[in-house]
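Notes follow the structure.
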Amino acid sequence: MAHWGYMTTNGPSTWGKDFPIANGERQSPIDIVTTAAEYDSDVLGSNALSTNYTPESEVKLVNNGHSIMCQITKKGVLTGGPLGKDEYRLEQFHLHWGAEDNRGSEHTVDGKMYASELHLVHWNASKYSSFADAVQKPDGLAVLGIFITPGVACNQFKVISDNCGKLKTSGAEMTVDTTLDPTLLLPSNTSDYWTYLGSLTTPPLFESVTWIVFKEPVEYSKEQLLALRNLVDSDGNHMQDNYRPPAALKQRKVKKTFT
Ligand SMILES: COc1ccc(N2C[C@H](O)c3cc(S(N)(=O)=O)sc3S2(=O)=O)cc1
Ligand SMILES: [Zn+2]
């Protein structure tokens with residue numbers, strides 16, 4: 001099977017061949033239609049979403065051929081909000097971005113695309129014994145989606161953007177001897193978000209993700225966005241436009257925590 005990617009020959013419109021779930025009932029990303037999102041105080045109001053991350057003492061970076069990923073080794077817990085009392089453990093984070101600032105995010109807001117989107121991937125450690133065990137379960141994963149817009153540099157992201165040059169080719173890995181606190185990658189406002197039941201946005205497209213997409217974007221500098229665009233993917237092309245376009249909402253409702 002030709003490896004999936006984001007080119008015309010192996011991109012999102014071809015994924016259904018090898019991954020039929022691509023046309024499933026709860027696929028991601030979606031276009032968030034803000035006027036259709038439902039404020040739902042009881043589910044969301046009862047216990048606020050909370051993150052309790054331990055800073056990484058070293059940063060493990062991987063160019064996995066379709067994104068730049070930071071593997072998490074410390075204990076980091078996400079709970080509350082749509083997750084109820086279940087504790088979801090932080091496993092990794094990665095990003096999606098465009099070739100230019102006018103595109104790159106996966107979720108869109110009333111059709112607006114941001115320059116990039118950061119995904120913090122968690123698995124349900126209250127119900128499953130490992131990431132691999134959770135990854136296909138309908139309540140197995142929770143991903144925080146953070147929109148990124150060009151502006152001032154994000155200091156906490158510097159360890160990644162400053163090392164992209166050394167992670168150019170697919171399969172490249174490196175460990176940077178510096179600390180990283182994933183909390184500092186989040187927007188200042190983590191109370192206002194949209195949430196819905198969806199899927200992985202890349203193959204295998206498992207429908208196992210509770211999505212939590214923050215309303216407030218974070219800023220990365222032009223240089224930090226350029227560093228991402230200079231990475232090389234598994235086909236030897238510039239890793240750019242590695243985002244899936246929005247999928248059909250079908251019978252789903254998007255909830256929001258703000259009025
Ligand atoms: C064996 O099955 C597996 C299933 C999934 C994965 N992953 C890699 C995926 O690229 C991927 C994409 C995610 S996104 N864009 O946040 O929706 S999260 C995620 S992953 O880390 O779960 C690895 C093995
Ligand atoms: Zn992602």
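Chain identifiers are assigned as A, B, and so on, following the order in which chains appear in the structure tokens; residues are numbered from 1 within each chain, and ligands are numbered from 1 in order of appearance.
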Using DSSP on the backbone, list every residue of segment 34-227 of chain A that comes out as strand (DSSP E or B), and give them as a short mmCIF file (atom, residue, chain, number, x, y, z; two decimals) with C-alpha atoms, in the first residue's frame.
data_model
loop_
_atom_site.label_atom_id
_atom_site.label_comp_id
_atom_site.auth_asym_id
_atom_site.auth_seq_id
_atom_site.Cartn_x
_atom_site.Cartn_y
_atom_site.Cartn_z
CA GLU A 38 -24.99 24.27 22.10
CA TYR A 39 -24.15 25.73 25.49
CA SER A 50 -8.43 20.60 34.35
CA THR A 51 -4.88 19.77 33.30
CA ASN A 52 -2.19 18.63 35.71
CA TYR A 53 1.00 18.18 33.68
CA GLU A 56 9.30 17.10 30.89
CA VAL A 59 12.36 16.75 25.21
CA LYS A 60 12.06 13.76 22.87
CA LEU A 61 11.30 14.96 19.32
CA VAL A 62 10.45 12.77 16.31
CA ASN A 63 9.88 13.59 12.64
CA ILE A 68 6.75 16.74 14.24
CA MET A 69 5.90 14.93 17.45
CA CYS A 70 7.05 15.34 21.06
CA GLN A 71 6.82 12.11 23.04
CA GLY A 76 0.27 14.41 32.79
CA VAL A 77 -3.45 14.22 33.52
CA LEU A 78 -6.46 15.79 31.80
CA THR A 79 -9.89 15.39 33.39
CA TYR A 88 -6.75 10.93 30.54
CA ARG A 89 -2.94 10.73 30.40
CA LEU A 90 -0.86 12.91 28.06
CA GLU A 91 0.93 10.68 25.52
CA GLN A 92 2.31 13.05 22.88
CA PHE A 93 1.76 16.30 21.09
CA HIS A 94 2.22 17.23 17.43
CA LEU A 95 1.04 19.83 14.94
CA HIS A 96 -0.55 20.43 11.54
CA TRP A 97 0.25 23.49 9.44
CA THR A 108 -12.13 25.57 11.18
CA VAL A 109 -14.36 28.12 12.92
CA LYS A 112 -11.97 30.25 9.12
CA SER A 116 -1.55 25.81 12.41
CA GLU A 117 -3.14 23.58 15.04
CA LEU A 118 -1.41 21.93 18.00
CA HIS A 119 -2.78 18.58 19.25
CA LEU A 120 -2.12 17.26 22.76
CA VAL A 121 -3.09 13.56 22.63
CA HIS A 122 -4.30 11.82 25.82
CA TRP A 123 -5.61 8.29 26.54
CA ASN A 124 -8.18 7.18 29.12
CA LEU A 141 -8.70 9.23 23.59
CA ALA A 142 -9.04 12.95 24.28
CA VAL A 143 -7.21 15.52 22.16
CA LEU A 144 -6.81 19.21 23.02
CA GLY A 145 -6.83 21.31 19.85
CA ILE A 146 -5.09 24.68 20.05
CA PHE A 147 -5.28 27.12 17.13
CA ILE A 148 -2.05 28.90 16.21
CA THR A 149 -1.89 32.34 14.62
CA PRO A 150 1.20 34.31 13.50
CA GLU A 173 14.69 11.71 16.28
CA MET A 174 16.51 13.67 18.93
CA THR A 175 16.43 14.27 22.67
CA VAL A 176 17.03 17.83 23.82
CA LEU A 180 9.27 21.66 28.70
CA TYR A 193 -13.86 25.60 24.25
CA TRP A 194 -15.99 23.57 21.87
CA THR A 195 -16.23 19.81 22.35
CA TYR A 196 -17.62 16.94 20.26
CA LEU A 197 -17.09 13.22 19.63
CA GLY A 198 -14.77 12.57 16.70
CA VAL A 209 -11.45 10.88 20.24
CA THR A 210 -13.29 13.30 22.50
CA TRP A 211 -12.21 16.60 20.92
CA ILE A 212 -11.74 19.72 23.01
CA VAL A 213 -10.93 22.75 20.81
CA PHE A 214 -10.05 25.98 22.62
CA VAL A 218 -2.00 31.08 20.73
CA GLU A 219 0.67 33.04 18.82
CA TYR A 220 3.81 31.63 17.22
#
**OP:** Write out as a VMD selection string which residues come within 9 Å of segment 27-33 of chain A when counting only C-alpha atoms, dropping same-chain ones fewer than 3 positions away.
**Re:** chain A and resid 21 to 24 36 to 37 106 to 112 194 197 to 202 205 to 207 209 211 244 to 249 254
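Per DSSP on the backbone, alpha helix (DSSP H) in segment 109-162 of chain A comprises Phe131, Ala132, Asp133, Ala134, Lys158, Val159, Ile160 and Ser161 of chain A.
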Subject >> Close residues, Glu223 of chain A itself excluded, 12 Å, only C-alpha atoms, min 6 positions apart in chain, as a list in words >> reply: Asp101, Pro150, Gly151, Val152, Ala153, Cys154, Phe157, Lys158, Ile160, Ser161, Asp162, Cys164, Arg229 and Asn230 of chain A
**OP:** Rounded to one decimal place, report the atom 20 (S, counted along the ligand's line) of ligand 1-atom CA of Lys166 of chain A distance in Å.
**Re:**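 One can read the atom 20 (S, counted along the ligand's line) of ligand 1 to atom CA of Lys166 of chain A distance as 22.8 Å.
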Original post:
Between A:Glu216, A:Asp181, A:Asp133, A:Glu58, which one has atoms that come closest to ligand 1, using only C-alpha atoms and all ligand atoms?
Top reply: A:Asp133
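Relative to atom CA of Leu184 of chain A, atom CA of Pro217 of chain A is found at 13.1 Å.
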